[in-house]
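What follows is a set of notes on a single structure, which appears directly below.
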Amino acid sequence: EVVGALILRDTHIRFGRTRLGYLWVLIEPIAHAVGLSLVHYALGRRSPLGGSMALFFMTGLLPFFLWSKVSSRLVSAFTSDRPLLNVPVVTHLDILIARALLEGATWLVVSSILIALLVAIGFGPWPDDLGSLCGAIGALFLLAVGVGMINATMSALLQSWHNVFGIVTRPLYLSSGIFYLVDQVPATAQRFLVWNPLVHGIEWVRMSFYPSYGAVTLDKAYLVQCAVVAFVLGLALERLGRRKAEAI
């Protein structure tokens, strides 16, 4: 009940100020996919997995945005929503859960709409393996929540942490396999890229859409292990962040 009320409140704050708020969550991934597709079409390049470039990029962008939006959304959970903690029934964990669920649900709706649009205009098929897709989404969401909880604690300890996190994670856009296949890069680069759990999340999602795609570098167990470790560490640090926020 508390989490539900917080979700409604966050929905109004995030999307209720302007009509463009609802549209922007659709516009952002579309703009990225269209921009990347136009560049590759201009260079005469084709999708490494066949079919449309738009689908190839969407299967990289959407899982990346799931992780990015959820993890970054939780950064200010212990600071911007501090007045809510004056309500006895509201806890720090309630705020974290509400933000994560809202962001995850928003991503799910946006992704469903975008994939349906691609299918409707003939730019891509429905997922070939829905069960595998759900597994990939679940692992990425757990990783995002874990990293997000760590972010919330670090933001309570270091006021400028959200800037640090943005700088540190910005290279992930280029190193997560959004617009290329990690299997096709030189072996020297592969050895470094596969340490990034997002690489495995994106490959897992792509395998769910492309039945002929057998990702050699995909390690589902590694992604799940990273997600569990991040989540457990986030829960542990949440108690530290709670005490720090209460002391401010």
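Chain labels run A, B, ... following the order of the structure tokens; each chain numbers its residues from 1, and ligands are numbered from 1 in the order shown.
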With a cut-off of 7 Å, could you pull out the residues of region 211-239 of chain A touching region 167-188 of chain A and give me the nearest pair of atoms for each, distance in Å to one decimal, using only C-alpha atoms, ordered by chain and ascending number, as a Markdown table?
```
| residue | atom | partner | partner_atom | distance |
| --- | --- | --- | --- | --- |
| A:Ala215 | CA | A:Asp183 | CA | 6.7 |
| A:Val216 | CA | A:Asp183 | CA | 6.4 |
| A:Thr217 | CA | A:Asp183 | CA | 6.2 |
```
Subject >> Non-local contacts of region 138-154 of chain A (7 Å; only C-alpha atoms; under 2 positions in same chain excluded) as a ChimeraX atom specification >> reply: /A:66-67,70-72,74-78,100,134-136,156-158,161,201,223-224,226-227,230-231,234-235,237-238,241
Leaving out Met53 (chain A) and any residue of its chain fewer than 6 positions from it, which residues lie within 7 Å of it when counting only C-alpha atoms, given as a PDB file with all heavy atoms, in the first residue's frame?
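Written output follows (around.pdb):
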```
ATOM      1  N   SER A  37      20.703   4.070 -37.210  1.00  0.00           N
ATOM      2  CA  SER A  37      20.320   3.398 -38.457  1.00  0.00           C
ATOM      3  C   SER A  37      20.670   4.238 -39.676  1.00  0.00           C
ATOM      4  O   SER A  37      21.201   3.721 -40.672  1.00  0.00           O
ATOM      5  CB  SER A  37      18.813   3.099 -38.450  1.00  0.00           C
ATOM      6  OG  SER A  37      18.468   2.226 -37.418  1.00  0.00           O
ATOM      7  N   ARG A  46      24.999  -3.215 -43.247  1.00  0.00           N
ATOM      8  CA  ARG A  46      23.776  -3.972 -42.988  1.00  0.00           C
ATOM      9  C   ARG A  46      23.814  -4.553 -41.576  1.00  0.00           C
ATOM     10  O   ARG A  46      24.866  -4.624 -40.948  1.00  0.00           O
ATOM     11  CB  ARG A  46      23.628  -5.098 -44.022  1.00  0.00           C
ATOM     12  CG  ARG A  46      23.503  -4.592 -45.458  1.00  0.00           C
ATOM     13  CD  ARG A  46      23.335  -5.758 -46.408  1.00  0.00           C
ATOM     14  NE  ARG A  46      23.174  -5.304 -47.790  1.00  0.00           N
ATOM     15  CZ  ARG A  46      23.015  -6.118 -48.825  1.00  0.00           C
ATOM     16  NH1 ARG A  46      22.992  -7.439 -48.623  1.00  0.00           N
ATOM     17  NH2 ARG A  46      22.872  -5.632 -50.036  1.00  0.00           N
ATOM     18  N   SER A  47      22.662  -4.974 -41.113  1.00  0.00           N
ATOM     19  CA  SER A  47      22.579  -5.574 -39.788  1.00  0.00           C
ATOM     20  C   SER A  47      23.432  -6.837 -39.736  1.00  0.00           C
ATOM     21  O   SER A  47      23.338  -7.689 -40.632  1.00  0.00           O
ATOM     22  CB  SER A  47      21.125  -5.918 -39.456  1.00  0.00           C
ATOM     23  OG  SER A  47      21.058  -6.733 -38.306  1.00  0.00           O
TER      24      SER A  47
END
```
Original post:
From the set A:Leu8, A:Leu118, A:Leu233, A:Val194, which residue has the shortest atom-to-atom contact distance to Phe57 (chain A), counting only C-alpha atoms?
Top reply: A:Leu118
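With only C-alpha atoms as the atoms that count, the residue of A:Leu6, A:Leu133, A:Met58, A:Ile202 with the shortest distance to Ile97 (chain A) is A:Leu6.
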**OP:** Mind listing the helix (DSSP H, G or I) residues of region 18-103 of chain A, per DSSP on the backbone, as a VMD selection string?
**Re:** chain A and resid 20 to 42 53 to 73 82 to 86 92 to 103
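Here CA of Val110 (chain A) and CA of Pro29 (chain A) stand 9.1 Å from one another.
CA of Ile7 (chain A) sits 6.1 Å away from CA of Leu102 (chain A).
Minimum distance to His200 (chain A) across A:Val109, A:Val164, A:Ile137, A:Ile115 (counting only C-alpha atoms) occurs at A:Ile137.
Of note, CA of Arg73 (chain A) and CA of Leu26 (chain A) are spaced 17.0 Å apart.
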Original post:
When distances are computed from only C-alpha atoms, which of A:Asp128, A:Ala33, A:Val3, A:Leu198 shows the smallest separation from Val90 (chain A)?
Top reply: A:Val3
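Between Leu193 (chain A) and the candidates A:Leu218, A:Leu240, A:Leu101, A:Met207, the tightest atom-to-atom separation, counting only C-alpha atoms, involves A:Leu218.
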